[in-house]
Every structure is written in structure tokens, then in C-alpha cells.
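Visitor: What follows is coords.cif; its format and atoms are mmCIF, C-alpha atoms.
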data_target
#
loop_
_atom_site.label_atom_id
_atom_site.label_comp_id
_atom_site.auth_asym_id
_atom_site.auth_seq_id
_atom_site.Cartn_x
_atom_site.Cartn_y
_atom_site.Cartn_z
CA MET A 1 -3.74 16.26 22.29
CA GLU A 2 -6.35 13.98 20.79
CA ARG A 3 -7.27 11.16 23.21
CA PRO A 4 -4.52 11.81 25.85
CA LYS A 5 -5.78 8.84 27.86
CA SER A 6 -4.51 6.48 25.15
CA ARG A 7 -0.98 7.86 25.63
CA LEU A 8 -1.17 7.31 29.40
CA ASN A 9 -2.49 3.81 28.85
CA TRP A 10 0.52 3.10 26.63
CA LEU A 11 2.87 4.17 29.42
CA ARG A 12 0.99 1.96 31.89
CA ASN A 13 1.68 -1.08 29.74
CA PRO A 14 4.26 -3.04 31.82
CA GLN A 15 6.26 -3.79 28.68
CA VAL A 16 6.95 -0.07 28.12
CA PRO A 17 8.68 0.81 31.44
CA ALA A 18 10.67 -2.45 31.22
CA LEU A 19 11.86 -1.59 27.73
CA LEU A 20 12.77 1.97 28.74
CA ARG A 21 14.71 0.70 31.77
CA ASP A 22 16.67 -1.75 29.61
CA LEU A 23 17.55 1.02 27.18
CA ALA A 24 18.55 3.41 29.98
CA SER A 25 20.72 0.80 31.73
CA GLY A 26 22.39 -0.35 28.55
CA GLN A 27 21.04 -3.89 28.71
CA VAL A 28 19.53 -3.17 25.29
CA LEU A 29 21.70 -1.16 22.92
CA LEU A 30 20.10 1.86 21.35
CA THR A 31 20.44 0.57 17.79
CA HIS A 32 18.03 -0.67 15.15
CA GLU A 33 19.68 -4.08 15.19
CA ALA A 34 19.16 -4.53 18.94
CA LEU A 35 15.55 -3.34 18.83
CA GLN A 36 14.84 -5.61 15.87
CA ASP A 37 15.54 -8.69 17.98
CA LEU A 38 13.30 -7.79 20.92
CA PRO A 39 9.97 -9.56 21.58
CA ASN A 40 6.70 -7.60 21.79
CA TRP A 41 7.37 -6.04 18.39
CA ARG A 42 4.36 -3.71 18.47
CA THR A 43 5.59 -1.92 21.59
CA THR A 44 9.12 -1.80 20.22
CA ALA A 45 7.98 -0.50 16.83
CA TYR A 46 5.97 2.34 18.39
CA LEU A 47 8.91 3.41 20.58
CA ARG A 48 11.31 3.14 17.65
CA ASP A 49 9.09 5.50 15.64
CA LEU A 50 9.34 8.05 18.46
CA LEU A 51 13.12 7.64 18.67
CA MET A 52 13.54 8.12 14.92
CA ASP A 53 11.22 11.13 14.89
CA SER A 54 13.19 12.80 17.71
CA GLY A 55 16.54 12.12 16.03
CA VAL A 56 17.81 9.64 18.65
CA LEU A 57 17.93 6.87 16.05
CA PRO A 58 18.77 7.33 12.36
CA ARG A 59 15.77 7.19 10.06
CA VAL A 60 15.08 3.83 8.44
CA ASP A 61 11.88 2.95 6.61
CA ARG A 62 9.62 1.47 9.29
CA ARG A 63 7.76 -0.79 6.85
CA LEU A 64 11.07 -2.22 5.69
CA LEU A 65 12.06 -2.94 9.30
CA LEU A 66 8.73 -4.61 10.03
CA PHE A 67 8.99 -6.71 6.88
CA GLU A 68 12.51 -7.83 7.78
CA ARG A 69 11.29 -8.89 11.22
CA TRP A 70 8.28 -10.70 9.78
CA LEU A 71 10.52 -12.48 7.26
CA ALA A 72 12.95 -13.68 9.95
CA GLU A 73 10.07 -15.09 12.01
CA ARG A 74 8.47 -16.70 8.96
CA LEU A 75 11.69 -18.44 7.91
CA ALA A 76 12.36 -19.59 11.48
CA SER A 77 8.90 -21.19 11.65
CA THR A 78 9.32 -23.14 8.38
CA GLU A 79 9.83 -26.76 9.42
CA ASP A 80 11.23 -28.12 6.16
CA LEU A 81 14.87 -26.96 6.08
CA GLU A 82 15.12 -27.21 2.29
CA HIS A 83 11.99 -25.11 1.90
CA ALA A 84 13.37 -22.57 4.38
CA ARG A 85 16.62 -22.36 2.41
CA LEU A 86 14.78 -21.79 -0.88
CA LEU A 87 12.50 -19.17 0.62
CA GLN A 88 15.45 -17.42 2.22
CA HIS A 89 17.30 -17.20 -1.09
CA PHE A 90 14.22 -15.92 -2.90
CA ALA A 91 13.19 -13.47 -0.18
CA ARG A 92 16.56 -12.01 0.76
CA TRP A 93 18.20 -11.77 -2.66
CA HIS A 94 15.13 -11.17 -4.83
CA ARG A 95 12.38 -9.46 -2.84
CA LEU A 96 14.24 -7.79 0.04
CA ARG A 97 16.92 -6.37 -2.23
CA LYS A 98 14.25 -4.61 -4.31
CA LEU A 99 12.45 -3.34 -1.21
CA ARG A 100 15.64 -1.79 0.13
CA ALA A 101 16.33 -0.09 -3.19
CA LYS A 102 12.78 1.24 -3.33
CA ALA A 103 12.98 2.51 0.26
CA LEU A 104 15.93 4.69 -0.74
CA GLU A 105 13.69 6.47 -3.25
CA GLY A 106 10.86 7.16 -0.80
CA PRO A 107 8.73 5.64 2.00
CA LEU A 108 7.38 2.18 1.25
CA GLY A 109 3.62 1.84 1.02
CA ALA A 110 1.59 -0.72 2.92
CA ASN A 111 0.57 -2.44 -0.31
CA THR A 112 4.20 -2.89 -1.37
CA THR A 113 5.27 -4.82 1.72
CA GLN A 114 1.95 -6.69 1.95
CA GLU A 115 2.40 -7.88 -1.63
CA CYS A 116 5.87 -9.21 -0.75
CA ARG A 117 4.45 -11.02 2.29
CA GLN A 118 1.81 -12.67 0.13
CA GLN A 119 4.46 -13.76 -2.36
CA ILE A 120 6.47 -15.45 0.41
CA ILE A 121 3.35 -17.06 1.91
CA GLN A 122 2.16 -18.44 -1.42
CA ALA A 123 5.65 -19.59 -2.38
CA ALA A 124 5.75 -21.64 0.83
CA ALA A 125 2.25 -22.93 0.11
CA PHE A 126 3.35 -24.05 -3.37
CA LEU A 127 6.31 -25.98 -1.96
CA ARG A 128 4.07 -27.72 0.59
CA TRP A 129 1.54 -28.49 -2.16
CA LEU A 130 4.25 -30.19 -4.22
CA VAL A 131 5.24 -32.32 -1.23
CA GLU A 132 1.63 -33.41 -0.73
CA ARG A 133 1.46 -34.25 -4.44
CA GLY A 134 4.71 -36.22 -4.20
CA VAL A 135 6.48 -34.09 -6.83
CA PRO A 136 10.03 -32.70 -6.39
CA LEU A 137 10.48 -29.06 -7.40
CA ASP A 138 12.95 -29.93 -10.15
CA ALA A 139 10.47 -32.47 -11.61
CA THR A 140 7.44 -30.17 -11.71
CA THR A 141 5.41 -30.57 -14.91
CA GLN A 142 3.08 -28.27 -16.80
CA THR A 143 0.17 -30.35 -15.52
CA ASP A 144 1.27 -29.66 -11.93
CA LEU A 145 1.57 -25.92 -12.57
CA ASP A 146 -1.84 -25.77 -14.26
CA ALA A 147 -3.41 -27.72 -11.40
CA TRP A 148 -1.90 -25.29 -8.86
CA HIS A 149 -3.57 -22.34 -10.60
CA ALA A 150 -6.83 -24.11 -11.42
CA GLU A 151 -8.41 -23.53 -8.00
CA LYS A 152 -8.57 -20.05 -6.42
CA TYR A 153 -6.52 -18.39 -9.15
CA ALA A 154 -6.40 -15.00 -7.37
CA THR A 155 -4.94 -16.64 -4.26
CA ARG A 156 -2.36 -18.60 -6.24
CA ARG A 157 -1.27 -15.63 -8.32
CA PRO A 158 1.18 -14.09 -5.76
CA ALA A 159 3.32 -17.25 -6.08
CA GLN A 160 4.17 -16.38 -9.70
CA PRO A 161 7.30 -14.26 -8.95
CA PHE A 162 8.67 -17.25 -7.01
CA LEU A 163 7.82 -19.60 -9.89
CA ARG A 164 9.56 -17.31 -12.40
CA TRP A 165 12.59 -17.14 -10.09
CA CYS A 166 12.70 -20.93 -9.82
CA ILE A 167 12.52 -21.26 -13.61
CA GLY A 168 15.13 -18.55 -14.17
CA THR A 169 17.56 -20.14 -11.71
CA ARG A 170 16.92 -23.63 -13.14
CA ARG A 171 15.48 -24.96 -9.91
CA MET A 172 12.37 -25.87 -11.89
CA PRO A 173 11.89 -26.90 -15.54
CA ARG A 174 11.05 -24.18 -18.04
CA LEU A 175 7.25 -24.14 -17.95
CA SER A 176 4.48 -21.76 -19.00
CA ILE A 177 2.95 -19.88 -16.06
CA PRO A 178 -0.84 -19.52 -16.54
CA ASN A 179 -2.11 -15.99 -16.93
CA ARG A 180 -5.72 -15.01 -16.48
CA PRO A 181 -6.54 -11.29 -16.95
CA THR A 182 -8.39 -9.78 -14.02
CA THR A 183 -10.59 -6.76 -14.69
CA ASN A 184 -13.39 -4.97 -12.92
CA PRO A 185 -16.50 -5.78 -15.01
CA ASN A 186 -18.97 -3.74 -12.94
CA PRO A 187 -17.88 -0.13 -12.44
CA LEU A 188 -20.41 2.28 -11.00
CA GLY A 189 -22.62 4.00 -13.52
CA GLN A 190 -22.04 7.74 -13.91
CA HIS A 191 -25.32 8.56 -12.16
CA GLN A 192 -24.40 6.21 -9.28
CA ARG A 193 -20.99 7.82 -8.89
CA LEU A 194 -22.43 11.33 -8.78
CA ALA A 195 -25.20 10.26 -6.40
CA THR A 196 -22.58 8.77 -4.06
CA LEU A 197 -20.55 11.98 -4.25
CA ARG A 198 -23.60 14.11 -3.38
CA ARG A 199 -24.42 11.83 -0.46
CA VAL A 200 -20.87 12.04 0.90
CA LEU A 201 -20.83 15.84 0.67
CA ALA A 202 -24.21 16.11 2.43
CA ASP A 203 -23.16 13.80 5.29
CA GLY A 204 -21.92 16.28 7.87
CA SER A 205 -21.83 13.72 10.68
CA SER A 206 -19.12 11.46 9.25
CA ASP A 207 -15.37 11.78 9.81
CA PRO A 208 -14.11 14.58 7.50
CA ARG A 209 -11.01 12.51 6.68
CA VAL A 210 -13.20 9.76 5.28
CA ARG A 211 -15.42 12.21 3.39
CA ILE A 212 -12.41 13.90 1.76
CA ALA A 213 -10.87 10.53 0.85
CA ALA A 214 -14.20 9.47 -0.70
CA CYS A 215 -14.19 12.63 -2.83
CA LEU A 216 -10.65 11.90 -4.02
CA VAL A 217 -11.69 8.39 -5.03
CA LEU A 218 -14.89 9.49 -6.75
CA LEU A 219 -13.45 12.55 -8.51
CA PHE A 220 -9.80 11.70 -9.17
CA ALA A 221 -9.73 7.86 -9.09
CA GLN A 222 -7.03 7.87 -6.41
CA PRO A 223 -6.14 4.63 -4.59
CA VAL A 224 -6.23 4.72 -0.79
CA SER A 225 -2.53 3.81 -0.59
CA ARG A 226 -1.73 7.06 -2.43
CA ILE A 227 -4.32 9.19 -0.62
CA VAL A 228 -2.82 8.53 2.82
CA ARG A 229 0.59 9.70 1.59
CA LEU A 230 -0.61 13.13 0.51
CA ALA A 231 0.99 16.02 2.41
CA THR A 232 -0.55 19.33 3.44
CA ASP A 233 1.72 21.13 0.97
CA ASP A 234 0.15 19.08 -1.83
CA VAL A 235 -2.91 21.34 -1.40
CA LEU A 236 -2.17 24.54 -3.33
CA ARG A 237 -4.20 27.74 -2.99
CA ASP A 238 -4.38 31.03 -4.84
CA ASP A 239 -6.95 33.82 -4.89
CA THR A 240 -9.52 31.90 -6.89
CA HIS A 241 -8.61 28.20 -7.03
CA VAL A 242 -7.68 25.23 -4.89
CA LEU A 243 -5.38 22.71 -6.56
CA LEU A 244 -4.28 19.24 -5.49
CA ARG A 245 -0.85 17.98 -6.49
CA LEU A 246 -1.57 14.41 -7.62
CA GLY A 247 0.66 14.57 -10.69
CA ASP A 248 1.81 17.20 -13.15
CA PRO A 249 0.02 19.51 -13.63
CA SER A 250 -1.90 19.82 -10.36
CA SER A 251 -5.63 19.11 -10.52
CA PRO A 252 -8.24 21.81 -9.73
CA VAL A 253 -10.56 20.86 -6.88
CA PRO A 254 -14.20 21.82 -7.54
CA GLU A 255 -16.59 23.28 -4.99
CA PRO A 256 -17.89 22.27 -2.48
CA VAL A 257 -15.04 19.75 -2.15
CA ALA A 258 -12.50 22.60 -2.08
CA THR A 259 -14.21 24.23 0.92
CA LEU A 260 -14.44 20.89 2.72
CA LEU A 261 -10.72 20.34 2.13
CA LEU A 262 -9.68 23.82 3.34
CA ASP A 263 -11.87 23.59 6.45
CA TYR A 264 -10.32 20.23 7.25
CA ILE A 265 -6.76 21.61 6.94
CA THR A 266 -7.65 24.56 9.20
CA ALA A 267 -8.90 22.20 11.92
CA LEU A 268 -6.12 19.65 11.38
CA PRO A 269 -3.68 20.76 14.15
CA GLY A 270 -6.32 20.21 16.83
CA ARG A 271 -7.10 16.72 15.52
CA THR A 272 -3.52 15.49 15.21
CA ALA A 273 -2.05 13.19 17.88
CA ALA A 274 0.72 14.75 19.97
CA VAL A 275 3.30 12.26 18.71
CA ASN A 276 2.60 13.53 15.19
CA ALA A 277 2.15 17.22 15.98
CA GLU A 278 4.83 18.35 13.51
CA SER A 279 3.67 15.99 10.81
CA ARG A 280 3.31 17.18 7.22
CA TRP A 281 0.81 14.41 6.35
CA LEU A 282 -2.66 15.40 5.20
CA PHE A 283 -3.96 12.30 6.97
CA PRO A 284 -1.61 11.92 9.98
CA GLY A 285 -1.66 8.68 11.95
CA ARG A 286 -1.11 7.93 15.63
CA ARG A 287 2.53 6.94 15.19
CA ALA A 288 5.39 9.43 15.07
CA ASN A 289 5.84 10.86 11.56
CA GLN A 290 3.56 8.22 10.02
CA PRO A 291 0.38 8.71 7.96
CA MET A 292 -2.94 7.10 8.70
CA PRO A 293 -2.86 3.35 7.92
CA PRO A 294 -4.53 2.61 4.55
CA GLY A 295 -6.59 -0.19 6.10
CA THR A 296 -8.17 2.21 8.60
CA LEU A 297 -9.18 4.57 5.81
CA ARG A 298 -10.52 1.70 3.68
CA ASP A 299 -12.71 0.57 6.57
CA GLY A 300 -14.07 4.10 6.93
CA LEU A 301 -14.86 4.32 3.22
CA ARG A 302 -16.66 0.99 3.27
CA GLY A 303 -18.64 2.20 6.29
CA LEU A 304 -19.60 5.26 4.25
CA GLY A 305 -20.90 2.99 1.50
CA VAL A 306 -18.16 3.71 -1.06
CA HIS A 307 -17.15 0.68 -3.14
CA LEU A 308 -13.53 1.55 -3.82
CA GLN A 309 -12.68 -0.47 -6.91
CA ARG A 310 -15.96 0.19 -8.70
CA ALA A 311 -15.80 3.91 -7.85
CA ARG A 312 -12.19 4.29 -9.02
CA THR A 313 -12.86 2.46 -12.27
CA SER A 314 -15.94 4.57 -12.98
CA SER A 315 -14.06 7.79 -12.26
CA ILE A 316 -11.01 7.09 -14.41
CA ARG A 317 -13.10 5.78 -17.31
CA HIS A 318 -15.18 8.95 -17.26
CA LEU A 319 -12.06 11.13 -17.15
CA VAL A 320 -10.30 9.45 -20.09
CA LEU A 321 -13.43 9.99 -22.20
CA GLN A 322 -13.45 13.71 -21.34
CA ALA A 323 -9.75 14.46 -21.94
CA PRO A 324 -6.79 12.85 -23.74
CA ALA A 325 -5.65 9.80 -21.81
CA PRO A 326 -1.94 10.88 -21.68
CA VAL A 327 -2.96 14.15 -20.01
CA VAL A 328 -5.20 12.38 -17.49
CA ALA A 329 -2.51 9.80 -16.71
CA LYS A 330 0.13 12.45 -16.04
CA ALA A 331 -2.15 14.69 -13.97
CA LEU A 332 -3.42 11.87 -11.74
CA GLY A 333 -0.14 10.02 -11.32
CA TYR A 334 -1.15 6.95 -13.35
CA HIS A 335 1.26 4.88 -15.41
CA ASP A 336 0.93 5.18 -19.20
CA LYS A 337 0.24 1.44 -19.56
CA THR A 338 -2.60 1.65 -17.05
CA ALA A 339 -4.09 4.62 -18.87
CA THR A 340 -3.83 2.75 -22.18
CA ARG A 341 -5.77 -0.20 -20.78
CA LEU A 342 -8.40 1.98 -19.13
CA VAL A 343 -9.08 4.10 -22.19
CA THR A 344 -9.47 0.94 -24.28
CA GLU A 345 -11.93 -0.51 -21.77
CA ALA A 346 -13.84 2.78 -21.80
CA GLY A 347 -14.15 2.67 -25.59
CA GLY A 348 -11.86 5.59 -26.38
CA THR A 349 -8.54 5.88 -28.23
CA TRP A 350 -5.19 7.56 -27.64
CA SER A 351 -5.54 9.58 -30.86
CA ARG A 352 -8.02 12.07 -29.41
CA TYR A 353 -6.83 15.66 -28.92
CA ALA A 354 -7.81 18.21 -26.35
CA PRO A 355 -10.37 20.75 -27.58
CA GLY A 356 -9.03 24.00 -28.98
CA ASP A 357 -7.65 25.64 -32.10
CA HIS A 358 -4.87 23.37 -33.46
CA THR A 359 -4.47 25.26 -36.74
CA ARG A 360 -1.92 27.70 -35.37
#
How does the structure come out when it is put into C-alpha cells?
Guide:
Amino acid sequence: MERPKSRLNWLRNPQVPALLRDLASGQVLLTHEALQDLPNWRTTAYLRDLLMDSGVLPRVDRRLLLFERWLAERLASTEDLEHARLLQHFARWHRLRKLRAKALEGPLGANTTQECRQQIIQAAAFLRWLVERGVPLDATTQTDLDAWHAEKYATRRPAQPFLRWCIGTRRMPRLSIPNRPTTNPNPLGQHQRLATLRRVLADGSSDPRVRIAACLVLLFAQPVSRIVRLATDDVLRDDTHVLLRLGDPSSPVPEPVATLLLDYITALPGRTAAVNAESRWLFPGRRANQPMPPGTLRDGLRGLGVHLQRARTSSIRHLVLQAPAPVVAKALGYHDKTATRLVTEAGGTWSRYAPGDHTR
């Protein structure tokens, strides 16, 4: 077990024995609904992960449960009752409904629920801003909407789904929502990307998880939110090649990255926390059946000197200039629209064909 002392420290937390006693005595029912209402949500969430992993509780997406709890607390803390009612309608029937549908298709990512949180936060901020301006929601003008977006556009942007919902439900006049394209104007140069890759591969003292993640960013333009959800069976091996299942078809992993990846998988059981011993994740976390948090991996990559957005942009632009963009998009799990935009930014076109004899 990696860091067994941390497990003992968790049991010494006075909240843990109290919670276990309440469950054993029946004072707290062993259901998701009962656990959802308990205070000390971090302790409860950790225990609930263990109970779901052992089959005591039915599996429910943990990020969905945490978002539902956060939403209930957020609505309860909203002082203006009319604002709380609006936010509840928007969140429960617009955002939460989509999250639940998405959770049925597969585990929710951290970015998905964080984006929904930001939308609720900025929607509440917009309503407060209107009050300070002395403007009712149903009397909002184009000047008001433009003024809202004029300062700190990136911060204001998450409120746009709420604004569209208000317009669509006639709670607000039909107005034009400002749109400002956001692009990454300074990707790494090709020589900088390769130099960073060489430095990462030569750094034997850093965490191998971070080094492998850096290689996946620099070579395959993978976002951290997708990297942490890779499983060990996404690494495919035959007599001569190592492949990584990022899309269809799987992508060949070049040396020496392939050796680094295989060595990491061989040592993985000894590095995995006991609560996640049976995990299939390539980057297992410290919670039962959960991968490593994306934020932890991002911090490690920044500590290694890898600028994520610039590195990803450089990598994907290089790839779409070396192979047809539709092929790259499918192999790396990118959406066609994203690939279209990236190949245009890189100065290529969709009409290019892969090399070979096309006369047959």
C-alpha cells in the first residue's frame, strides 16, 4: 500500500468513526439520499466511493452527486428569493438534466461539472449586476448586455447559456449576445516542442506519471481531462509495436516513450493506493475506482515546465500538416469541427490526401 499512514490518519479523523457508528446503528440510512444530506461532505464522499466500489451502494456518478450537493448549497445561500427561483429553474431543468443524461453514457469529467458550476456562478453574478444597475431582467437592453461583456469577457462568457435560456423562455427581451473568438496566438515552435519532449524524457527524477502525461500532450495533443481517463487496456502491445487507443485507429507510440510507458505499467500495481488496487485506470487516484484528479496532473505538468495549451496547439497543428485532418481527428479523438478550425489556423486544407498510389 502506498502511504499506509494516510489511511490510518483518515480512520483517526473523529468524523469517520462517528459516521460509521451512525450507519451501523441505523441513525443514517445506507442510501445515496441520506448520505447526500450529511455535513462534512469530503469525509462522506470518500466513504461513499468505498461503499460503491465494494457493491454496498449502487453505482452513481460521483461527480454528478457532488454537483447536486454543491447546487443545493448554492441555491440555499442565495439571498434574493426571485434570483434563487430563476437559478433553480435554469440549473435543475436545463443544466442538471443534461448532466444526468451524459452520466448515463459514461463517467462525467471534472471539466464538465466545473463548467456547469461556472455557468451557475456567473448567472447569479449577472442577476446581481442588474440589480446594482437598477434594471429588471425583463427590461434588459442591448446596451446592458454589451456592458456586461465589455469588462473581463472570459469571466463573463460562462453566463451565456443562462442568457440564451432567459431569451428563449421570454424572461428577457430578444437581444444579441456578444461573441468574441478566443484562440491561442502563441503556440510553441516546433523546435521548442521537441526540446521540451527531449527534456522530459531525460528527466529521470520526476514522477513517471507526469512525464508520460507530458509526452501525450506534446506528441498527441491530448487534454489532461482525457489523459486521466485512459485505462491500462488502452495500451496495446504486439511483438513489435506499442499502440495507444486514443481514437480509431489506435496511435503508434514511438520510442523511447513506448519503453517509458511499458515500464510504468509494470510498476503500476506497487504504486496504486490500496483503495484502488483493482482499478483499471492508467493514472489511478486515491479514491476508490477513481482516476487521478486532472488538477493534480496539471500542477505536475506546470512544475515540469510544460505549458499545456501552447504545447497542445503546437502538436495538433504539426500533425494536421503531416496527415489529412480527418484522419488525425479520428485517431486522436478530436471533433471534426475542431480539426477544421485547427487545420485552417495551421495553413492547411481539408482537400489534402494521404501519400500513396491513388491511381488504382
Visitor: Pick out the closest residue to Arg48 (chain A) from this set: A:Ala288, A:Leu282, A:Leu71, A:Val228. Count only C-alpha atoms.
Guide: A:Ala288
Visitor: From the options A:Leu219, A:Ala101, A:Leu244, A:Cys116, which residue's atoms come nearest to Thr196 (chain A), counting only C-alpha atoms?
Guide: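 Using only C-alpha atoms, the shortest distance to Thr196 (chain A) belongs to A:Leu219.
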Visitor: Within 12 Å of Leu236 (chain A), counting all atoms listed in the file, which residues qualify if same-chain residues fewer than 3 places away don't, as a count of residues only?
Guide: 20
Visitor: Please tell me which residues are no farther than 9 Å from (-17.4, 19.5, -4.2) in the file, counting all atoms listed in the file, and write them as a PDB file with C-alpha atoms, in the coordinates of the input.
Guide:
ATOM      1  CA  LEU A 197     -20.550  11.980  -4.250  1.00  0.00           C
ATOM      2  CA  ARG A 198     -23.600  14.110  -3.380  1.00  0.00           C
ATOM      3  CA  LEU A 201     -20.830  15.840   0.670  1.00  0.00           C
ATOM      4  CA  CYS A 215     -14.190  12.630  -2.830  1.00  0.00           C
ATOM      5  CA  VAL A 253     -10.560  20.860  -6.880  1.00  0.00           C
ATOM      6  CA  PRO A 254     -14.200  21.820  -7.540  1.00  0.00           C
ATOM      7  CA  GLU A 255     -16.590  23.280  -4.990  1.00  0.00           C
ATOM      8  CA  PRO A 256     -17.890  22.270  -2.480  1.00  0.00           C
ATOM      9  CA  VAL A 257     -15.040  19.750  -2.150  1.00  0.00           C
ATOM     10  CA  ALA A 258     -12.500  22.600  -2.080  1.00  0.00           C
ATOM     11  CA  THR A 259     -14.210  24.230   0.920  1.00  0.00           C
ATOM     12  CA  LEU A 260     -14.440  20.890   2.720  1.00  0.00           C
TER      13      LEU A 260
END
Visitor: Per residue of region 173-217 of chain A within 9 Å of region 132-148 of chain A, note the shortest atom pair and the distance in Å to one decimal, counting only C-alpha atoms, and order the rows by chain and increasing residue number, as a Markdown table.
Guide:
| residue | atom | partner | partner_atom | distance |
| --- | --- | --- | --- | --- |
| A:Pro173 | CA | A:Asp138 | CA | 6.3 |
| A:Leu175 | CA | A:Gln142 | CA | 6.0 |
| A:Ser176 | CA | A:Gln142 | CA | 7.0 |
| A:Ile177 | CA | A:Leu145 | CA | 7.1 |
| A:Pro178 | CA | A:Asp146 | CA | 6.7 |
Visitor: Can you work out which one of A:Arg12, A:Leu29, A:Ala124, A:Arg117 has the shortest atom-to-atom distance to Thr78 (chain A), counting all atoms listed in the file?
Guide: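 Smallest separation from Thr78 (chain A) among the options: A:Ala124.
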Visitor: Separation of CA of Arg100 (chain A) and CA of Leu64 (chain A), in Å?
Guide: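 CA of Leu64 (chain A) lies at a distance of 7.2 Å from CA of Arg100 (chain A).
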Visitor: Just checking: using only C-alpha atoms, which residue out of A:Ala45, A:Gln222, A:Ala267, A:Leu130 ends up closest to Ala329 (chain A)?
Guide: A:Gln222
Visitor: I need the residue set behind the PyMOL selection byres ((chain A and resi 107) around 12) for this file; please write it as a ChimeraX atom specification.
Guide: /A:59-65,99-106,108-113,225-226,228-229,289-291
Visitor: Report, in Å with one decimal, the straight-line distance from CA of Pro187 (chain A) to CA of Leu308 (chain A).
Guide: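 Result for CA of Pro187 (chain A) versus CA of Leu308 (chain A): 9.8 Å, one decimal.
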Visitor: CA of Thr313 (chain A) and CA of Pro223 (chain A) are how many Å apart?
Guide: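 If I compute the distance from CA of Thr313 (chain A) to CA of Pro223 (chain A), I get 10.4 Å.
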